Structure formats: structure tokens, C-alpha cells
>>> print(open('protein_11.txt').read())   # compact mmCIF, C-alpha atoms and all ligand atoms
# COMPACT_ATOMS: atom_id res chain seq x y z
CA MET K 1461 232.54 -73.00 82.58
CA ASN K 1462 234.31 -72.85 85.90
CA PRO K 1463 235.49 -76.19 87.22
CA THR K 1464 235.20 -77.17 90.85
CA VAL K 1465 238.70 -78.30 91.72
CA ILE K 1466 239.46 -80.39 94.81
CA VAL K 1467 243.18 -80.89 95.42
CA VAL K 1468 243.98 -83.64 97.93
CA ALA K 1469 246.97 -85.41 99.41
CA PRO K 1470 247.84 -88.55 97.46
CA ASP K 1471 246.85 -90.88 100.30
CA SER K 1472 243.33 -89.40 100.49
CA PHE K 1473 242.72 -89.23 96.73
CA ALA K 1474 240.87 -92.55 96.42
CA GLU K 1475 238.64 -91.99 99.45
CA THR K 1476 237.84 -88.39 98.50
CA ALA K 1477 236.79 -89.45 95.00
CA ALA K 1478 234.87 -92.49 96.27
CA THR K 1479 232.98 -90.33 98.76
CA ALA K 1480 232.09 -87.76 96.08
CA ILE K 1481 230.80 -90.54 93.82
CA ALA K 1482 228.83 -92.32 96.57
CA ASP K 1483 227.29 -89.10 97.83
CA PHE K 1484 226.12 -88.10 94.35
CA VAL K 1485 224.77 -91.57 93.55
CA ASN K 1486 222.90 -91.74 96.86
CA SER K 1487 221.39 -88.27 96.46
CA THR K 1488 220.28 -89.15 92.91
CA ILE K 1489 218.69 -92.41 94.08
CA ALA K 1490 216.96 -90.52 96.92
CA SER K 1491 215.55 -87.94 94.51
CA GLN K 1492 214.74 -90.03 91.43
CA GLY K 1493 214.83 -93.65 92.52
CA ALA K 1494 217.71 -94.68 90.28
CA CYS K 1495 221.09 -93.50 89.01
CA SER K 1496 222.87 -93.96 85.70
CA VAL K 1497 226.67 -93.94 85.90
CA ALA K 1498 229.31 -94.07 83.15
CA LEU K 1499 232.60 -95.47 84.42
CA CYS K 1500 235.99 -94.40 83.11
CA GLY K 1501 238.99 -96.59 82.53
CA GLY K 1502 242.75 -96.42 82.72
CA THR K 1503 244.69 -96.92 85.95
CA THR K 1504 243.57 -93.98 88.09
CA PRO K 1505 240.06 -95.23 88.90
CA ALA K 1506 240.92 -98.69 90.29
CA PRO K 1507 241.75 -97.56 93.86
CA VAL K 1508 238.76 -95.21 93.76
CA TYR K 1509 236.45 -98.05 92.73
CA ARG K 1510 237.93 -100.27 95.46
CA ALA K 1511 237.26 -97.54 98.05
CA LEU K 1512 233.73 -97.18 96.65
CA THR K 1513 232.93 -100.81 97.53
CA HIS K 1514 233.16 -99.83 101.21
CA HIS K 1515 230.48 -97.14 100.88
CA SER K 1516 226.80 -97.79 101.56
CA VAL K 1517 225.07 -97.56 98.16
CA ASP K 1518 221.87 -99.26 96.99
CA TRP K 1519 223.58 -100.78 93.93
CA SER K 1520 220.34 -102.42 92.85
CA LYS K 1521 219.24 -98.93 91.74
CA VAL K 1522 222.42 -98.17 89.77
CA SER K 1523 222.89 -98.72 86.02
CA ILE K 1524 226.40 -98.82 84.63
CA TRP K 1525 227.75 -97.85 81.22
CA PHE K 1526 231.32 -97.14 80.07
CA GLY K 1527 232.80 -93.94 78.67
CA ASP K 1528 235.31 -95.79 76.56
CA GLU K 1529 236.86 -99.18 75.97
CA ARG K 1530 239.79 -100.66 74.19
CA ALA K 1531 239.35 -103.14 71.30
CA VAL K 1532 240.41 -106.08 73.45
CA PRO K 1533 238.50 -109.03 74.95
CA PRO K 1534 236.69 -108.26 78.22
CA ILE K 1535 239.11 -110.53 80.09
CA SER K 1536 242.19 -108.72 78.76
CA PRO K 1537 244.39 -106.89 81.30
CA ASP K 1538 243.93 -103.86 79.00
CA SER K 1539 240.14 -103.96 79.28
CA ASN K 1540 238.44 -101.14 81.19
CA PHE K 1541 235.57 -103.55 81.83
CA ALA K 1542 237.95 -106.08 83.39
CA MET K 1543 239.44 -103.36 85.59
CA ALA K 1544 235.97 -102.22 86.72
CA CYS K 1545 234.99 -105.81 87.52
CA ALA K 1546 238.17 -106.49 89.49
CA SER K 1547 237.91 -103.25 91.51
CA LEU K 1548 234.15 -102.69 91.83
CA MET K 1549 231.55 -104.74 90.00
CA ASP K 1550 232.64 -108.13 91.33
CA PHE K 1551 232.12 -106.82 94.86
CA VAL K 1552 228.81 -104.94 94.75
CA ALA K 1553 225.33 -106.18 93.85
CA ILE K 1554 224.62 -104.40 90.56
CA PRO K 1555 222.07 -106.52 88.64
CA GLY K 1556 223.72 -107.92 85.51
CA VAL K 1557 221.00 -106.47 83.28
CA ARG K 1558 222.01 -103.02 84.47
CA ILE K 1559 225.66 -103.41 83.44
CA HIS K 1560 226.15 -102.28 79.83
CA ARG K 1561 229.57 -103.40 78.70
CA MET K 1562 231.10 -101.63 75.68
CA PRO K 1563 231.71 -104.44 73.11
CA ALA K 1564 234.80 -102.81 71.57
CA GLU K 1565 236.30 -106.19 70.75
CA ARG K 1566 233.69 -106.82 68.04
CA PRO K 1567 235.26 -106.93 64.55
CA ASP K 1568 232.43 -104.66 63.36
CA ILE K 1569 233.46 -102.05 65.92
CA ASP K 1570 231.86 -99.16 64.05
CA SER K 1571 228.37 -100.68 63.99
CA ALA K 1572 228.93 -102.00 67.50
CA ALA K 1573 229.62 -98.41 68.58
CA GLN K 1574 226.44 -97.20 66.88
CA GLU K 1575 224.41 -99.91 68.62
CA TYR K 1576 225.98 -99.17 72.00
CA GLY K 1577 225.27 -95.46 71.57
CA GLU K 1578 221.59 -96.31 71.20
CA THR K 1579 221.56 -97.96 74.66
CA LEU K 1580 222.71 -94.81 76.46
CA PRO K 1581 220.18 -92.81 78.50
CA PRO K 1582 219.45 -89.30 77.16
CA SER K 1583 221.94 -88.04 79.74
CA PHE K 1584 224.02 -89.75 82.37
CA ASP K 1585 223.28 -88.77 85.93
CA LEU K 1586 226.98 -89.22 86.67
CA LEU K 1587 229.83 -89.38 84.15
CA LEU K 1588 233.27 -90.35 85.46
CA LEU K 1589 236.28 -89.32 83.41
CA GLY K 1590 240.04 -89.39 83.59
CA MET K 1591 242.61 -87.32 81.71
CA GLY K 1592 245.64 -88.52 79.83
CA PRO K 1593 249.05 -86.77 79.78
CA ASP K 1594 248.16 -85.40 76.34
CA GLY K 1595 244.91 -83.88 77.58
CA HIS K 1596 242.62 -86.58 76.19
CA THR K 1597 239.56 -87.79 78.03
CA ALA K 1598 237.62 -91.00 77.45
CA SER K 1599 239.18 -91.95 74.11
CA LEU K 1600 238.80 -88.49 72.61
CA PHE K 1601 242.36 -87.75 71.59
CA PRO K 1602 243.74 -84.35 70.54
CA GLY K 1603 242.78 -83.47 66.97
CA SER K 1604 240.46 -86.47 66.60
CA PRO K 1605 237.59 -86.19 64.09
CA ALA K 1606 235.41 -87.68 66.86
CA LEU K 1607 235.60 -84.27 68.56
CA SER K 1608 233.40 -82.78 65.85
CA GLU K 1609 230.84 -85.62 65.93
CA ARG K 1610 227.49 -84.06 66.86
CA GLU K 1611 225.04 -86.83 65.93
CA ARG K 1612 226.41 -90.13 67.20
CA ARG K 1613 226.95 -90.64 70.91
CA VAL K 1614 229.49 -93.44 70.62
CA VAL K 1615 232.07 -93.93 67.87
CA ALA K 1616 235.06 -96.12 67.09
CA VAL K 1617 238.43 -94.38 66.95
CA PRO K 1618 241.88 -95.58 65.83
CA SER K 1619 244.54 -96.53 68.35
CA PRO K 1620 246.33 -93.62 70.02
CA THR K 1621 249.83 -92.72 68.95
CA PRO K 1622 252.78 -93.66 71.19
CA PRO K 1623 253.63 -93.28 74.02
CA LEU K 1624 249.95 -93.81 74.86
CA GLN K 1625 249.21 -97.48 75.37
CA PRO K 1626 247.68 -99.86 74.50
CA GLN K 1627 248.02 -99.37 70.78
CA VAL K 1628 244.60 -100.71 69.88
CA ALA K 1629 241.46 -99.20 68.40
CA ARG K 1630 238.92 -97.91 70.88
CA MET K 1631 235.27 -97.11 71.34
CA THR K 1632 234.38 -93.80 72.99
CA ILE K 1633 231.56 -91.50 73.94
CA THR K 1634 231.49 -88.29 71.95
CA PRO K 1635 231.37 -84.66 73.17
CA VAL K 1636 227.54 -84.54 73.14
CA VAL K 1637 227.46 -87.20 75.88
CA ILE K 1638 229.87 -85.23 78.06
CA GLU K 1639 227.89 -82.02 77.48
CA ALA K 1640 224.59 -83.75 78.36
CA ALA K 1641 225.77 -85.36 81.59
CA ARG K 1642 224.03 -84.07 84.71
CA HIS K 1643 227.20 -84.31 86.76
CA VAL K 1644 230.81 -84.99 85.73
CA ILE K 1645 233.62 -86.03 88.06
CA VAL K 1646 237.14 -86.03 86.59
CA MET K 1647 239.87 -87.87 88.50
CA VAL K 1648 243.50 -86.93 87.84
CA ARG K 1649 246.58 -88.19 89.66
CA GLY K 1650 250.33 -87.86 89.12
CA SER K 1651 253.00 -85.25 88.47
CA ASP K 1652 253.20 -86.20 84.79
CA LYS K 1653 249.82 -84.50 84.32
CA ALA K 1654 250.56 -81.25 86.21
CA ALA K 1655 251.55 -79.17 83.19
CA ILE K 1656 248.73 -80.34 80.95
CA LEU K 1657 246.21 -79.98 83.78
CA ARG K 1658 247.17 -76.31 84.14
CA GLN K 1659 246.57 -75.83 80.41
CA VAL K 1660 243.24 -77.68 80.61
CA LEU K 1661 241.86 -75.84 83.63
CA ASP K 1662 243.62 -72.48 83.56
CA GLY K 1663 244.46 -72.01 79.91
CA PRO K 1664 242.46 -70.77 76.92
CA GLU K 1665 239.63 -72.95 75.68
CA GLN K 1666 240.88 -75.18 72.91
CA PRO K 1667 239.00 -78.50 73.32
CA VAL K 1668 240.16 -79.87 69.97
CA MET K 1669 243.74 -79.86 71.25
CA LEU K 1670 242.76 -80.43 74.89
CA PRO K 1671 239.65 -82.65 74.82
CA ALA K 1672 239.56 -82.84 78.64
CA GLN K 1673 238.35 -79.22 78.51
CA LEU K 1674 234.98 -80.65 77.46
CA ALA K 1675 234.61 -81.52 81.18
CA ARG K 1676 235.74 -78.11 82.45
CA GLY K 1677 232.33 -77.55 84.02
CA GLY K 1678 232.64 -80.64 86.18
CA THR K 1679 234.18 -81.50 89.53
CA TRP K 1680 237.88 -82.22 89.27
CA ILE K 1681 239.45 -84.32 92.01
CA VAL K 1682 243.22 -84.16 91.67
CA ASP K 1683 246.11 -85.17 93.87
CA ARG K 1684 248.68 -82.59 94.94
CA ALA K 1685 251.20 -83.78 92.36
CA ALA K 1686 248.78 -83.31 89.46
CA GLY K 1687 247.50 -80.01 90.87
CA ALA K 1688 250.95 -78.55 91.61
CA GLN K 1689 250.84 -75.98 88.76
CA LEU K 1690 247.20 -74.88 89.07
CA GLN K 1691 246.31 -71.28 89.88
CA ALA K 1692 245.13 -70.75 93.47
CA ARG K 1693 241.35 -71.02 93.72
CA ASN K 1694 238.80 -70.06 96.34
CA SER K 1695 237.82 -73.45 97.73
C1 LIG V 1 241.38 -95.27 78.96
C2 LIG V 1 240.69 -94.19 79.74
C3 LIG V 1 241.42 -92.91 79.54
C4 LIG V 1 242.05 -92.60 80.86
C5 LIG V 1 243.19 -91.66 80.71
C6 LIG V 1 243.99 -91.59 82.01
O1 LIG V 1 240.71 -96.11 78.36
O2 LIG V 1 242.62 -95.27 79.03
O3 LIG V 1 239.39 -94.09 79.63
O4 LIG V 1 240.70 -91.81 79.09
O5 LIG V 1 241.06 -92.02 81.72
O6 LIG V 1 244.03 -92.14 79.67
O7 LIG V 1 244.55 -92.87 82.21
P1 LIG V 1 245.32 -93.21 83.58
O8 LIG V 1 244.28 -93.17 84.65
O9 LIG V 1 245.87 -94.59 83.36
O10 LIG V 1 246.38 -92.14 83.77
>>> encode(input="protein_11.txt", output="C-alpha cells")
Amino acid sequence: MNPTVIVVAPDSFAETAATAIADFVNSTIASQGACSVALCGGTTPAPVYRALTHHSVDWSKVSIWFGDERAVPPISPDSNFAMACASLMDFVAIPGVRIHRMPAERPDIDSAAQEYGETLPPSFDLLLLGMGPDGHTASLFPGSPALSERERRVVAVPSPTPPLQPQVARMTITPVVIEAARHVIVMVRGSDKAAILRQVLDGPEQPVMLPAQLARGGTWIVDRAAGAQLQARNS
């Protein structure tokens, strides 16, 4: 799987990613009347989501799920849902019934994950992902048993090891959801990810150690700092 890699200057990263997302959502709505989107979390997406609020999208036709969530209340500063609300969902008119929050704070997180997995569409039209400095994506961490899950689409996983934060359990989509997505956009920013990004995109396939390789067939939007060690590519 050959990734499409778009390397941009840091100050155009958010707008480039927002435009790619809006264009895909709009073309999907034009062709099929609706669009299912799975949002990613962490810190990278917030400026992208803010830029997205300035694009013309018929949000009434968009349904939102989440690729992963931390086991914290939805108002926690560590919540991916809270971040998505503060940067996107509080500012665009997505009908509440079309927002499917991941209830990772439930004490019965494993059955909550099973139930959430049953709400997912057969395949997302658009799956947004990030990548951690260890090569994880969503909350699929290197060596995780969740990487060999082929039946369930959402599972609970233990908290990541330091230095990854926050140290709480998580809920995550599994590889079958990434593989089934119609379109995947991965957003990566920062020099701390340059070395691992080269391994993920240019190195041998080893998705158990580098789970972000599960998205190697997608569109990767990276800033110059994160893309500094990538092999030259025909644009
Ligand atoms: C999460 C995310 C996670 C994130 C990467 C990158 O819950 O943390 O879903 O997979 O995309 O860890 O995080 P940053 O964008 O903060 O570097």
C-alpha cells in the first residue's frame, strides 16, 4: 500500500488538512447524500477542526463517531470528545443524534466497547487518525493484543506506558475498522515524530510494532518537521 504523502509548512498544516477533510466530506455528500466520519483525538487535530469550522459543509448530512477515547469523563481536559466539541462540534450544526460519543468512562468499559462497536457503520466514509511518537494510531499501541482482534470493531485497552499520557485505560477501534474505511486521512505534526514516521512510511511492514502502518494506504498530511526524514516522493 503506497501512502499519499502531503508535506506542508507548519503554518499551512491546519488549513491543508481541513480542506482535504471538507473536500472529501462534500464529495461524499454529493454522491451518496450523507457522510460518516470518525474523528481522532490527541492535540494535533484541534487546529484542524477549528479551521474546518470555516469551510462550507452541510453538517446536517454528517454522522460522527470516534476512533478512540480515554477512560475519562466527557468534560475532562483529557477527553477526545471534549476536544472535538471545543474545536468543532460546538460550532457546526451536526444533529445531536448523529454524534456517537465513545463512552470510555463507563466502569464496564469492555461491554461498553462491544456496544459501541455495534453502532459503527459497516465502513466509515472518512476515518481521521493521528500517530504517536511510538508509532501508535488511535489507541492501538505497539505489541497490543488488540492488533490481532479480527472480530470486534471496538475494544478496551489498558493505559499506555510512560511517557505517553494520560495514563488511563482507553477504548479504540480495531484494525478491521481501519482496513474497511473508504478513505483515511492521517495527520502528523512535529519533529519528535520524524524518525518514527520514516519507519512507518518508508520502512518494512511491521504493523504490530508500528500500528500506524495499518493506515499506510491513506493520505498522510504532515508538517515539514515531521516529514523531514521521509524519502523524496513524486508528488
Ligand atoms: C489519542 C489519539 C492518539 C493520537 C496520537 C497523536 O487519544 O491520544 O487518538 O492516537 O492521535 O497519540 O497525539 P498528538 O496529536 O497529541 O501528538
>>> residues_around(input="protein_11.txt", residues="K:Glu1611", least_positions_apart="5", cutoff="12 Å", atoms="all atoms listed in the file", output="list of chain:residue names")
K:Gln1574, K:Gly1577, K:Glu1578, K:Ala1606, K:Ile1633, K:Thr1634, K:Pro1635, K:Val1636, K:Val1637
>>> residues_near_ligand(input="protein_11.txt", ligand="ligand LIG 1 (chain V)", cutoff="6 Å", atoms="only C-alpha atoms and all ligand atoms", output="JSON list (two decimals) with C-alpha atoms, in the frame of the given file")
[["chain", "number", "residue", "atom", "x", "y", "z"],
["K", 1500, "CYS", "CA", 235.99, -94.40, 83.11],
["K", 1501, "GLY", "CA", 238.99, -96.59, 82.53],
["K", 1502, "GLY", "CA", 242.75, -96.42, 82.72],
["K", 1503, "THR", "CA", 244.69, -96.92, 85.95],
["K", 1504, "THR", "CA", 243.57, -93.98, 88.09],
["K", 1528, "ASP", "CA", 235.31, -95.79, 76.56],
["K", 1529, "GLU", "CA", 236.86, -99.18, 75.97],
["K", 1589, "LEU", "CA", 236.28, -89.32, 83.41],
["K", 1590, "GLY", "CA", 240.04, -89.39, 83.59],
["K", 1591, "MET", "CA", 242.61, -87.32, 81.71],
["K", 1592, "GLY", "CA", 245.64, -88.52, 79.83],
["K", 1597, "THR", "CA", 239.56, -87.79, 78.03],
["K", 1598, "ALA", "CA", 237.62, -91.00, 77.45],
["K", 1599, "SER", "CA", 239.18, -91.95, 74.11]]
>>> closest_residue(input="protein_11.txt", among="K:Pro1533, K:Pro1667, K:Pro1626, K:Pro1567", to="K:Gly1603", atoms="all atoms listed in the file")
K:Pro1667
>>> closest_residue(input="protein_11.txt", among="K:Ala1506, K:Met1562, K:Met1669, K:Cys1545", to="K:Pro1602", atoms="all atoms listed in the file")
K:Met1669
>>> atom_distance(input="protein_11.txt", atom1="atom CA of K:Asp1538", atom2="atom CA of K:Glu1565")
11.5 Å
>>> closest_residue(input="protein_11.txt", among="K:Ala1616, K:Val1648, K:Ile1535, K:Val1668", to="K:Val1508", atoms="only C-alpha atoms")
K:Val1648
>>> closest_residue(input="protein_11.txt", among="K:Ala1685, K:Asp1594, K:Ala1672, K:Met1647", to="K:Ala1480", atoms="only C-alpha atoms")
K:Met1647
>>> atom_distance(input="protein_11.txt", atom1="atom CA of K:Met1631", atom2="atom CA of K:Val1614")
6.9 Å
>>> atom_distance(input="protein_11.txt", atom1="atom CA of K:Pro1507", atom2="atom CA of K:Ser1547")
7.3 Å
>>> closest_residue(input="protein_11.txt", among="K:Pro1582, K:Gly1663, K:Gly1687, K:Pro1623", to="K:Ala1469", atoms="only C-alpha atoms")
K:Gly1687
>>> closest_residue(input="protein_11.txt", among="K:Ser1571, K:Ser1604, K:Ser1651, K:Ser1516", to="K:Asn1486", atoms="only C-alpha atoms")
K:Ser1516
>>> residues_around(input="protein_11.txt", residues="K:Phe1473", least_positions_apart="5", cutoff="9 Å", atoms="all atoms listed in the file", output="list in words")
Val1467, Val1468, Ala1478, Pro1507, Val1508, Met1647, Arg1649, Ile1681, Val1682 and Asp1683 of chain K
>>> residues_near_point(input="protein_11.txt", point="(224.2, -91.4, 98.8)", cutoff="12 Å", atoms="all atoms listed in the file", output="list of chain:residue names")
K:Ala1478, K:Thr1479, K:Ala1480, K:Ile1481, K:Ala1482, K:Asp1483, K:Phe1484, K:Val1485, K:Asn1486, K:Ser1487, K:Thr1488, K:Ile1489, K:Ala1490, K:Ser1491, K:Gly1493, K:Ala1494, K:Cys1495, K:Leu1512, K:His1515, K:Ser1516, K:Val1517, K:Asp1518, K:Trp1519, K:Lys1521, K:Val1522
>>> residues_around(input="protein_11.txt", residues="K:Asp1550", least_positions_apart="5", cutoff="12 Å", atoms="all atoms listed in the file", output="JSON, numbers by chain")
{"K": [1509, 1510, 1513, 1519, 1541, 1542, 1543, 1544, 1545, 1555, 1556, 1559]}
>>> residues_near_point(input="protein_11.txt", point="(222.9, -94.8, 83.8)", cutoff="9 Å", atoms="only C-alpha atoms", output="short mmCIF file (atom, residue, chain, number, x, y, z; two decimals) with C-alpha atoms, keeping the file's coordinate frame")
data_model
loop_
_atom_site.label_atom_id
_atom_site.label_comp_id
_atom_site.auth_asym_id
_atom_site.auth_seq_id
_atom_site.Cartn_x
_atom_site.Cartn_y
_atom_site.Cartn_z
CA ALA K 1494 217.71 -94.68 90.28
CA CYS K 1495 221.09 -93.50 89.01
CA SER K 1496 222.87 -93.96 85.70
CA VAL K 1497 226.67 -93.94 85.90
CA ALA K 1498 229.31 -94.07 83.15
CA VAL K 1522 222.42 -98.17 89.77
CA SER K 1523 222.89 -98.72 86.02
CA ILE K 1524 226.40 -98.82 84.63
CA TRP K 1525 227.75 -97.85 81.22
CA ARG K 1558 222.01 -103.02 84.47
CA LEU K 1580 222.71 -94.81 76.46
CA PRO K 1581 220.18 -92.81 78.50
CA SER K 1583 221.94 -88.04 79.74
CA PHE K 1584 224.02 -89.75 82.37
CA ASP K 1585 223.28 -88.77 85.93
CA LEU K 1586 226.98 -89.22 86.67
CA LEU K 1587 229.83 -89.38 84.15
#
